[in-house]
Structures are given as C-alpha cells and as structure tokens.
$ cat data-v1.cif   # mmCIF, C-alpha atoms
data_upload
#
loop_
_atom_site.label_atom_id
_atom_site.label_comp_id
_atom_site.auth_asym_id
_atom_site.auth_seq_id
_atom_site.Cartn_x
_atom_site.Cartn_y
_atom_site.Cartn_z
CA MET D 11 17.71 1.90 44.36
CA MET D 12 18.87 2.14 40.75
CA ASP D 13 22.63 1.74 40.47
CA VAL D 14 24.65 3.64 37.87
CA ILE D 15 28.25 2.55 37.43
CA ILE D 16 30.86 5.00 36.15
CA ASN D 17 34.27 3.76 35.04
CA THR D 18 37.08 5.48 33.23
CA SER D 19 38.87 4.62 30.02
CA GLU D 20 41.56 7.04 28.93
CA ASN D 21 40.98 6.31 25.25
CA TYR D 22 39.32 3.90 22.85
CA ARG D 23 42.09 1.30 22.83
CA LEU D 24 40.16 -1.96 22.75
CA ASP D 25 41.87 -3.68 25.69
CA ARG D 26 41.18 -0.68 27.91
CA VAL D 27 37.53 -0.47 26.91
CA VAL D 28 37.07 -4.21 27.48
CA ALA D 29 38.66 -3.97 30.94
CA CYS D 30 36.51 -0.94 31.76
CA LEU D 31 33.30 -2.72 30.75
CA GLU D 32 34.23 -5.98 32.50
CA LYS D 33 34.42 -4.10 35.80
CA MET D 34 31.09 -2.42 35.10
CA PHE D 35 29.34 -5.71 34.30
CA ASP D 36 30.87 -7.23 37.42
CA SER D 37 29.26 -4.44 39.44
CA MET D 38 25.92 -5.45 37.88
CA GLY D 39 26.33 -9.08 38.91
CA GLY D 40 28.50 -10.30 36.05
CA ILE D 41 27.67 -10.59 32.38
CA GLU D 42 27.26 -14.35 32.75
CA ASN D 43 24.21 -13.65 34.90
CA ILE D 44 22.78 -11.37 32.22
CA VAL D 45 23.68 -13.19 29.01
CA LYS D 46 23.10 -16.94 28.93
CA PRO D 47 24.58 -19.35 26.35
CA GLY D 48 22.60 -19.36 23.12
CA MET D 49 20.82 -16.06 23.83
CA ARG D 50 20.34 -13.79 20.85
CA VAL D 51 21.57 -10.40 22.05
CA ALA D 52 20.67 -7.29 20.04
CA ILE D 53 23.31 -4.60 20.47
CA LYS D 54 21.75 -1.22 19.67
CA PRO D 55 24.37 1.51 19.12
CA ASN D 56 23.77 5.10 18.06
CA LEU D 57 24.55 5.07 14.33
CA LEU D 58 22.80 8.31 13.50
CA MET D 59 24.38 8.63 10.07
CA ALA D 60 27.48 7.74 8.06
CA LYS D 61 30.01 9.59 10.21
CA LYS D 62 33.59 8.63 11.05
CA PRO D 63 34.18 7.48 14.66
CA GLU D 64 36.37 10.51 15.41
CA ASP D 65 33.44 12.84 14.65
CA ALA D 66 31.86 11.69 17.97
CA ALA D 67 28.39 11.56 16.40
CA THR D 68 28.07 7.79 16.76
CA THR D 69 28.87 5.12 19.34
CA HIS D 70 32.56 4.37 18.95
CA PRO D 71 33.29 0.99 17.33
CA SER D 72 35.65 0.04 20.17
CA VAL D 73 32.75 0.24 22.63
CA VAL D 74 30.58 -1.86 20.32
CA GLN D 75 33.39 -4.37 19.81
CA ALA D 76 34.08 -4.63 23.55
CA VAL D 77 30.43 -5.40 24.27
CA VAL D 78 30.32 -7.94 21.42
CA LYS D 79 33.38 -9.72 22.84
CA LEU D 80 31.86 -9.88 26.33
CA VAL D 81 28.53 -11.14 25.00
CA GLN D 82 30.29 -13.82 22.97
CA LYS D 83 32.46 -14.79 25.95
CA ALA D 84 29.25 -15.44 27.89
CA GLY D 85 27.97 -17.63 25.06
CA GLY D 86 25.57 -15.14 23.50
CA ILE D 87 24.96 -14.52 19.81
CA ALA D 88 25.65 -10.85 19.11
CA VAL D 89 23.70 -9.02 16.42
CA ILE D 90 24.17 -5.28 15.81
CA VAL D 91 20.86 -3.57 15.06
CA GLU D 92 20.13 0.04 14.14
CA SER D 93 17.86 2.20 11.99
CA PRO D 94 19.87 5.31 11.02
CA GLY D 95 18.30 8.55 9.87
CA GLY D 96 16.85 8.41 6.38
CA PRO D 97 15.36 5.46 4.49
CA TYR D 98 15.65 2.03 6.11
CA ASN D 99 17.23 0.01 3.33
CA ILE D 100 20.21 -2.24 2.78
CA PRO D 101 22.39 0.21 0.77
CA LEU D 102 22.09 2.86 3.50
CA LEU D 103 22.78 0.32 6.26
CA LYS D 104 25.90 -0.89 4.43
CA MET D 105 27.17 2.66 4.02
CA VAL D 106 26.55 3.53 7.68
CA TYR D 107 28.09 0.30 8.99
CA ALA D 108 31.17 0.88 6.84
CA LYS D 109 31.73 4.57 7.61
CA THR D 110 31.14 4.26 11.38
CA GLY D 111 33.59 1.37 11.76
CA ILE D 112 30.92 -1.16 12.67
CA GLU D 113 31.52 -3.29 9.57
CA GLN D 114 35.10 -3.81 10.73
CA VAL D 115 33.82 -4.81 14.18
CA ALA D 116 31.66 -7.49 12.58
CA ASN D 117 34.54 -8.71 10.41
CA GLU D 118 36.85 -9.02 13.42
CA THR D 119 34.38 -10.59 15.86
CA GLY D 120 31.92 -12.53 13.72
CA ALA D 121 29.01 -10.49 15.09
CA GLU D 122 26.00 -10.29 12.82
CA LEU D 123 25.12 -7.02 11.11
CA ASN D 124 21.38 -6.70 10.80
CA TYR D 125 19.94 -6.41 7.29
CA ASP D 126 16.48 -7.72 8.20
CA LEU D 127 14.17 -4.85 7.22
CA ARG D 128 11.02 -6.31 8.71
CA ILE D 129 9.09 -4.56 11.46
CA GLU D 130 6.80 -5.89 14.16
CA LYS D 131 3.63 -4.24 15.40
CA ILE D 132 3.32 -4.51 19.17
CA ASN D 133 1.00 -3.37 21.93
CA ASN D 134 2.55 -1.01 24.45
CA ASP D 135 0.43 -1.09 27.60
CA GLU D 136 2.80 1.12 29.63
CA ALA D 137 2.62 3.92 27.07
CA GLU D 138 1.06 7.31 27.59
CA TYR D 139 0.51 8.01 23.88
CA LEU D 140 1.87 5.20 21.72
CA LYS D 141 -0.32 2.32 22.84
CA SER D 142 0.70 0.39 19.74
CA LEU D 143 3.68 0.91 17.49
CA LYS D 144 5.97 -0.82 15.02
CA ILE D 145 9.58 -1.56 15.97
CA LEU D 146 12.43 -3.31 14.17
CA LYS D 147 11.72 -7.05 14.13
CA PRO D 148 15.32 -8.01 15.09
CA LEU D 149 14.91 -5.99 18.31
CA HIS D 150 11.51 -7.53 18.99
CA ASP D 151 12.86 -11.05 18.43
CA ALA D 152 16.02 -10.66 20.53
CA ASP D 153 16.27 -12.39 23.89
CA LEU D 154 17.67 -9.18 25.32
CA ILE D 155 18.79 -5.75 24.15
CA ILE D 156 21.95 -3.92 25.16
CA ASN D 157 21.56 -0.20 24.51
CA LEU D 158 24.83 1.54 23.54
CA ALA D 159 24.15 5.27 23.47
CA LYS D 160 26.42 8.26 22.84
CA LEU D 161 26.48 11.31 25.12
CA LYS D 162 25.63 14.29 22.91
CA THR D 163 23.82 17.59 22.93
CA HIS D 164 20.64 17.88 20.89
CA GLY D 165 19.18 20.98 19.25
CA PHE D 166 15.55 20.00 19.92
CA MET D 167 15.67 17.79 23.03
CA VAL D 168 18.72 19.42 24.76
CA TYR D 169 20.50 16.09 25.31
CA THR D 170 20.55 12.63 23.80
CA GLY D 171 21.65 9.57 25.71
CA ALA D 172 20.26 6.20 26.76
CA VAL D 173 16.49 6.78 26.57
CA LYS D 174 16.53 8.69 23.29
CA ASN D 175 18.86 6.18 21.65
CA MET D 176 15.98 3.70 21.43
CA PHE D 177 14.25 6.03 18.95
CA GLY D 178 16.38 4.09 16.48
CA SER D 179 14.01 1.16 17.10
CA ILE D 180 11.64 2.84 14.65
CA ALA D 181 12.26 2.07 10.99
CA GLY D 182 13.63 4.73 8.69
CA LEU D 183 11.45 7.64 7.68
CA GLU D 184 8.65 6.56 10.00
CA LYS D 185 10.63 8.50 12.61
CA THR D 186 9.79 11.70 10.75
CA ASP D 187 6.09 10.91 11.22
CA TYR D 188 6.59 10.99 14.98
CA HIS D 189 8.33 14.36 14.68
CA LEU D 190 5.39 15.68 12.68
CA ARG D 191 2.70 14.31 14.97
CA MET D 192 4.48 15.35 18.17
CA SER D 193 6.12 18.59 17.18
CA ASN D 194 6.69 20.18 20.59
CA ASP D 195 9.27 18.98 23.08
CA GLU D 196 6.81 17.65 25.68
CA LEU D 197 4.85 15.54 23.22
CA PHE D 198 8.03 14.28 21.59
CA ALA D 199 9.53 13.45 25.00
CA ASN D 200 6.48 11.34 25.76
CA CYS D 201 6.90 9.66 22.38
CA LEU D 202 10.55 8.83 23.12
CA ILE D 203 9.67 7.47 26.55
CA ASP D 204 6.88 5.30 25.12
CA ILE D 205 9.23 3.86 22.51
CA PHE D 206 11.80 3.13 25.18
CA LEU D 207 9.20 1.34 27.30
CA ALA D 208 8.21 -0.75 24.30
CA THR D 209 11.76 -1.97 23.70
CA LYS D 210 12.95 -2.44 27.30
CA PRO D 211 16.73 -2.80 26.90
CA ARG D 212 18.20 -4.86 29.74
CA ILE D 213 21.48 -2.94 29.96
CA ASN D 214 22.13 0.70 29.07
CA ILE D 215 25.65 2.00 28.41
CA ILE D 216 26.57 5.56 27.45
CA ASP D 217 29.78 6.12 25.52
CA SER D 218 31.24 9.34 26.86
CA ILE D 219 34.92 8.66 26.48
CA ILE D 220 34.60 11.33 23.83
CA ALA D 221 31.18 13.00 23.90
CA MET D 222 29.74 15.77 21.73
CA GLU D 223 29.04 19.32 22.86
CA GLY D 224 27.82 22.31 20.86
CA ASP D 225 25.50 21.80 17.90
CA GLY D 226 24.75 18.12 18.44
CA PRO D 227 23.69 15.51 17.66
CA SER D 228 25.73 15.55 14.43
CA ALA D 229 27.32 18.97 13.91
CA GLY D 230 28.82 19.51 17.34
CA VAL D 231 32.37 19.37 18.68
CA PRO D 232 34.04 16.28 20.22
CA LYS D 233 34.55 16.69 23.97
CA TYR D 234 36.78 14.42 26.04
CA ILE D 235 35.25 13.10 29.26
CA GLY D 236 37.02 9.75 29.48
CA CYS D 237 34.38 7.47 30.94
CA LEU D 238 31.47 5.14 30.36
CA PHE D 239 28.16 5.07 32.24
CA ALA D 240 26.18 1.85 32.70
CA SER D 241 22.93 0.91 34.39
CA LYS D 242 19.99 -1.44 34.15
CA ASP D 243 17.86 1.72 34.30
CA ALA D 244 18.21 4.12 31.37
CA PHE D 245 16.65 7.11 33.16
CA ALA D 246 19.13 6.75 36.03
CA CYS D 247 21.96 6.38 33.51
CA ASP D 248 20.95 9.62 31.76
CA TYR D 249 20.60 11.38 35.11
CA ALA D 250 24.19 10.51 36.06
CA ALA D 251 25.49 11.59 32.64
CA LEU D 252 23.68 14.92 32.94
CA LYS D 253 25.14 15.48 36.41
CA ALA D 254 28.57 14.82 34.94
CA ILE D 255 28.21 17.55 32.30
CA GLY D 256 26.55 19.98 34.72
CA VAL D 257 23.04 20.02 33.21
CA ASP D 258 19.98 20.16 35.46
CA TYR D 259 17.97 17.07 34.51
CA ARG D 260 14.72 19.05 34.79
CA LYS D 261 15.81 21.12 31.78
CA VAL D 262 15.84 17.98 29.62
CA PRO D 263 12.29 17.24 28.41
CA VAL D 264 12.65 13.44 28.51
CA MET D 265 13.86 13.48 32.11
CA ARG D 266 11.32 16.03 33.27
CA ILE D 267 8.42 14.11 31.74
CA ALA D 268 9.76 10.78 33.04
CA GLU D 269 9.75 12.23 36.55
CA GLU D 270 6.19 13.50 36.10
CA ARG D 271 5.10 10.06 34.89
CA GLY D 272 6.65 8.37 37.92
CA LEU D 273 9.27 6.55 35.88
CA PHE D 274 12.23 8.28 37.49
CA ASN D 275 13.10 9.47 40.99
CA LYS D 276 16.50 11.04 41.51
CA ASP D 277 16.47 10.02 45.17
CA ASN D 278 16.51 6.39 44.08
CA VAL D 279 19.70 6.73 42.02
CA LYS D 280 22.93 5.42 43.49
CA ILE D 281 26.10 6.33 41.61
CA LEU D 282 28.92 3.81 41.97
CA GLY D 283 32.45 3.45 40.61
CA VAL D 284 34.69 6.42 40.09
CA ASP D 285 33.84 9.69 41.80
CA LEU D 286 31.50 11.78 39.69
CA GLU D 287 33.42 14.97 40.45
CA SER D 288 36.63 13.48 39.08
CA ILE D 289 35.25 13.11 35.57
CA LYS D 290 33.35 16.38 35.24
CA PRO D 291 34.67 18.54 32.39
CA ASP D 292 35.50 22.17 33.12
CA SER D 293 32.62 23.18 30.85
CA PHE D 294 30.14 21.61 28.45
CA ASP D 295 28.42 23.68 25.77
CA VAL D 296 24.67 22.92 25.54
CA PRO D 297 23.21 25.54 23.16
CA ALA D 298 19.59 24.37 23.49
CA LEU D 299 19.53 25.46 27.13
CA THR D 300 19.53 29.07 25.96
CA TYR D 301 16.22 28.80 24.13
CA LYS D 302 14.20 26.04 25.78
CA ARG D 303 10.90 26.98 27.36
CA THR D 304 11.66 24.88 30.43
CA GLY D 305 11.10 26.75 33.65
CA SER D 306 9.01 29.63 32.36
CA ARG D 307 6.05 30.19 34.67
CA PHE D 308 4.23 32.79 32.66
CA ALA D 309 1.67 31.63 30.12
CA LEU D 310 2.01 34.80 28.04
CA ILE D 311 5.76 34.43 27.82
CA ARG D 312 5.43 30.77 26.83
CA TYR D 313 2.96 31.75 24.12
CA ILE D 314 5.18 34.49 22.72
CA LYS D 315 8.20 32.19 22.81
CA SER D 316 6.32 29.58 20.82
CA LYS D 317 5.72 32.17 18.12
CA PHE D 318 9.38 33.16 17.97
CA ARG D 319 11.06 29.81 18.42
CA PRO D 320 14.49 29.13 16.91
CA GLN D 321 14.53 28.02 13.29
CA PRO D 322 16.98 26.23 11.01
CA GLU D 323 18.85 28.29 8.44
CA ILE D 324 20.71 27.06 5.35
CA ILE D 325 24.34 28.15 5.04
CA GLN D 326 24.33 28.26 1.24
CA GLU D 327 28.12 28.41 0.81
CA ARG D 328 28.45 25.08 2.63
CA CYS D 329 25.42 23.35 1.11
CA ILE D 330 26.25 20.68 -1.48
CA ARG D 331 22.57 20.23 -2.55
CA CYS D 332 22.59 16.55 -1.53
CA GLY D 333 18.91 16.64 -0.60
CA LYS D 334 19.28 14.87 2.75
CA CYS D 335 17.43 17.68 4.57
CA ILE D 336 14.59 17.47 2.03
CA GLU D 337 14.35 13.73 2.56
CA VAL D 338 14.12 13.84 6.37
CA CYS D 339 11.96 16.96 6.88
CA PRO D 340 8.69 15.80 8.54
CA PRO D 341 6.41 18.65 7.32
CA LYS D 342 8.12 18.86 3.90
CA ALA D 343 9.19 22.43 4.60
CA VAL D 344 12.55 22.07 2.81
CA ALA D 345 12.81 22.11 -0.98
CA LYS D 346 14.96 23.31 -3.87
CA ASP D 347 14.07 26.57 -5.61
CA LYS D 348 14.35 27.38 -9.32
CA GLU D 349 18.08 28.02 -8.92
CA LYS D 350 18.46 24.58 -7.24
CA GLN D 351 19.28 26.20 -3.91
CA VAL D 352 17.87 24.53 -0.81
CA VAL D 353 15.30 26.75 0.90
CA ILE D 354 13.01 26.44 3.92
CA ASP D 355 9.33 27.37 4.01
CA TYR D 356 9.07 28.72 7.55
CA LYS D 357 5.27 28.65 7.43
CA LYS D 358 5.54 24.86 7.42
CA CYS D 359 8.64 24.51 9.62
CA ILE D 360 8.00 22.95 13.07
CA SER D 361 11.55 23.55 14.39
CA CYS D 362 12.25 19.86 14.95
CA PHE D 363 15.78 20.41 13.54
CA CYS D 364 15.84 17.08 11.67
CA CYS D 365 17.46 18.95 8.77
CA HIS D 366 20.18 20.24 11.08
CA GLU D 367 20.61 16.81 12.64
CA PHE D 368 21.15 14.92 9.39
CA CYS D 369 23.05 17.46 7.29
CA PRO D 370 26.38 15.79 6.39
CA GLU D 371 28.14 19.11 5.70
CA LYS D 372 27.13 21.14 8.80
CA ALA D 373 25.41 23.49 6.35
CA ILE D 374 22.40 24.21 8.59
CA LYS D 375 22.56 26.31 11.71
CA ILE D 376 19.96 27.05 14.38
CA ARG D 377 18.96 30.70 14.17
CA LYS D 378 17.42 32.78 16.95
CA ASN D 379 15.82 36.13 16.22
CA ALA D 380 16.34 39.27 18.29
CA LEU D 381 12.98 39.09 20.07
CA ARG D 382 13.67 35.50 21.07
CA LYS D 383 17.00 36.50 22.54
CA LEU D 384 15.30 39.27 24.50
CA LEU D 385 12.73 36.83 25.88
CA GLU D 386 15.50 34.53 27.03
CA TYR D 387 16.82 37.18 29.36
CA ARG D 388 17.48 35.64 32.75
CA ARG D 389 14.42 37.09 34.51
CA PHE D 390 12.11 34.94 32.35
CA ASN D 391 13.90 31.64 33.05
#
$ encode --input "data-v1.cif" --output "structure tokens"
Amino acid sequence: MMDVIINTSENYRLDRVVACLEKMFDSMGGIENIVKPGMRVAIKPNLLMAKKPEDAATTHPSVVQAVVKLVQKAGGIAVIVESPGGPYNIPLLKMVYAKTGIEQVANETGAELNYDLRIEKINNDEAEYLKSLKILKPLHDADLIINLAKLKTHGFMVYTGAVKNMFGSIAGLEKTDYHLRMSNDELFANCLIDIFLATKPRINIIDSIIAMEGDGPSAGVPKYIGCLFASKDAFACDYAALKAIGVDYRKVPVMRIAEERGLFNKDNVKILGVDLESIKPDSFDVPALTYKRTGSRFALIRYIKSKFRPQPEIIQERCIRCGKCIEVCPPKAVAKDKEKQVVIDYKKCISCFCCHEFCPEKAIKIRKNALRKLLEYRRFN
C-alpha cells in the first residue's frame, strides 16, 4: 500500500505549517529516519516564474521554510533547487528567488540557494522514451530530494502536482525542446513520467493550503483548500489531491499513462490523516476538462478534434510586449509584427500553451472555436 497523509493548516503562518508537516513526517516514520545528519537534501519547490506568493502560482515560502527547518533539525544540509521557465541563468534565478519569497527563506534559515548551472547526463533505465537525459547537477548530486509541488490547474495537462513538478529538473529552455518533440498530451505525459523516474524524490508534498483553479498554472485564481498532501509515492499523492478537488484521475494524462505503465494502482492507495471529504472545496474550476480528448472512443472524432484543438490568443490591450512568450515558444510560432505587436503563427502552433503559462500579465487566453465546442458536447465524451 502507498500511504498519502493529509493534514490541515488554516493558513501559511509558519508555526502552523511546521506543526502540520511534523505530524505528516511522523506518519511516515519520522523525519529523522528519512534525513540523516550530514545529508545534502535538495528541496525542489515549484518556482514557475517570478510571482508573488499570494498569486498561488508557486510553492508558498512558508511551506519551503517549514521543510528547511525540519531538515536542518534532523541534521541535514538544505539546498533549494529549481529551474524556472525561461533561460537557466543566475540573474533569472535571483529574480525568481526574490519575488517568490524564497530568498527571504534562505536569509532566515541559512539554507543554500542553488546557483550551480551545471547539468548531469544520466541513463534512465526505467524510462519509456527518455532513456538518457540531462538533469540539474545539484539534484543529481543530492543525497535525497524532497519534492514541494503546488496544486494547480494546467491548460495543457489538466493538472499539475507532484509528478509534473519534477519537470523543473530540466535546465531552462531545454524544457521547450521536450514540448516540441512531444507535442501531444500522451507523449508529453510519458516525458514527464520519465523525468520523474530519473529524479526519484524521496518525499513528495503538495502545497494546497491555497491552490490555483481556472487558467493555471500561472494565470488562474487562488482557491483555498487549507491542507497539505504528503507521500513517498508521487502518483498516489497526485491521486489523493485530484480526489480532493473532484477530478477523475483518468482525465489527467500523467495519471492515466502512469496507470497504463503499471506505475500506479488506485487500489493500492491508502489515504490517512484528516478525512478527505472534510477538505473538499464546493467546486474547483478545471477549464482543460472541457476540451481534452480523454475518453473519446471514436477515431474520427479524435481526428477532427486534433484539427480544431484550442489555441492561445493574445489579448493585445494587456500585452506589454515583454517578449517572454516569444522566448519560451517551442516551435517559434510567436513573434512581433511590423507594428511591434505580438502575433501567433497558428500554422506552427502546437497548442502546448507555454506562452499562456509564462505570460506575466495574463495577456494570453486559451481560445476554443465554435466547431470545437460542438464536438465537446456531452455525447462525445
């Protein structure tokens, strides 16, 4: 059985988060049995981009700080490691650490902030597709990894949590190469799973004290849930989080593919701690569920849907012409026209929604055309 522990924290006050996590680690045998003195512990939060903690796009600094304190109490050396969206360089890391509150965590705890830009090529024997890949060297060299994800919706992959958080093990713009090479949800799900298997975090924690619904993973709306999820198994952890927000795990490509690959079995998940029903929100807006192909049994319908898939659209009155979408677009479908307006070449667009994900101004929306809406009528799902 794979245990998932759920515990509540009414807010992000540090003492409450520490107490919440102490109970969760105790349920996993105690942090002293996980972290040994002198161990170098890589703490991998979700620091997608330079967003303020209250935006709910990144792992809250109080959760990071609480884990750092517990690791240090057990005698471990805590180092915070992440590759945000965009180039993997020191100026960007400094900006992201500062804006997300992680720099302050390091100042208050003495935890190391990673600025080592080296990568390590590794073999990945458990992989389906990525039999070899390059991951951040500080993650490779760590004695163990603690994965600190954020519960959010995702325009392309429906949901992002523990498994997908380890995509940040890939350096900078190399992530866009994976989007380009694996441009449909099933291929990309396999890619995410392979990367997760290569990194093997020992502990997985999902920050859902305040989650994100709507147009996640960066432009959505904060949603209070008031709890943390923790497990030694990331797939089980994601399964419990999805149950909490009322999403069928089979509609999430990563979970569906993991089940098909024999990496996850819902019957082997045991949920402990607070009652799952007590933390379920009244509703949770997951827009991607309205246009995913999941569940369609008709080849013709799947084919037509693929031709009329949702596409990103620039909201020109919000756009500040910063060029972030141009920088992160895998097929180079985004550019500036003669009037310096940002435009999208839909002949090149693969609907990965990286532009939507990394836009700092919420100036890109996901557009569905009329035929697509018709095809999503309930009888086809």
$ residues_near_point --input "data-v1.cif" --point "(11.4, 26.5, 2.7)" --cutoff "12 Å" --atoms "only C-alpha atoms" --output "number ranges by chain"
D: 321-324, 335-336, 339, 341-347, 351-360, 365
$ atom_distance --input "data-v1.cif" --atom1 "CA of Asp204 (chain D)" --atom2 "CA of Ile180 (chain D)"
11.8 Å
$ closest_residue --input "data-v1.cif" --among "D:His366, D:Lys79, D:Lys242, D:Lys147" --to "Ile325 (chain D)" --atoms "only C-alpha atoms"
D:His366
$ closest_atom_pairs --input "data-v1.cif" --of "region 87-149 of chain D" --to "region 48-55 of chain D" --cutoff "7 Å" --atoms "only C-alpha atoms" --output "tab-separated table"
residue	atom	partner	partner_atom	distance
D:Ile87	CA	D:Arg50	CA	4.8
D:Ala88	CA	D:Val51	CA	5.0
D:Val89	CA	D:Ala52	CA	5.0
D:Ile90	CA	D:Ile53	CA	4.8
D:Val91	CA	D:Lys54	CA	5.3
D:Glu92	CA	D:Lys54	CA	5.9
D:Leu149	CA	D:Ala52	CA	6.2
$ write_last_selection --input "data-v1.cif" --atoms "C-alpha atoms" --output "tab-separated table (two decimals), in the coordinates of the input"
chain	number	residue	atom	x	y	z
D	87	ILE	CA	24.96	-14.52	19.81
D	88	ALA	CA	25.65	-10.85	19.11
D	89	VAL	CA	23.70	-9.02	16.42
D	90	ILE	CA	24.17	-5.28	15.81
D	91	VAL	CA	20.86	-3.57	15.06
D	92	GLU	CA	20.13	0.04	14.14
D	149	LEU	CA	14.91	-5.99	18.31
$ atom_distance --input "data-v1.cif" --atom1 "CA of Val78 (chain D)" --atom2 "CA of Leu238 (chain D)"
15.9 Å
$ decode --input "data-v1.cif" --residues "region 290-302 of chain D" --atoms "C-alpha atoms" --output "tab-separated table (two decimals), in the first residue's frame"
chain	number	residue	atom	x	y	z
D	290	LYS	CA	-13.10	19.12	-0.45
D	291	PRO	CA	-13.98	22.55	-1.84
D	292	ASP	CA	-17.55	23.16	-3.00
D	293	SER	CA	-16.23	23.47	-6.56
D	294	PHE	CA	-12.93	23.61	-8.42
D	295	ASP	CA	-12.71	25.13	-11.89
D	296	VAL	CA	-10.61	22.97	-14.28
D	297	PRO	CA	-11.06	24.50	-17.76
D	298	ALA	CA	-8.94	21.91	-19.58
D	299	LEU	CA	-11.50	19.21	-18.79
D	300	THR	CA	-13.86	20.83	-21.30
D	301	TYR	CA	-11.57	20.30	-24.27
D	302	LYS	CA	-9.38	17.28	-23.52
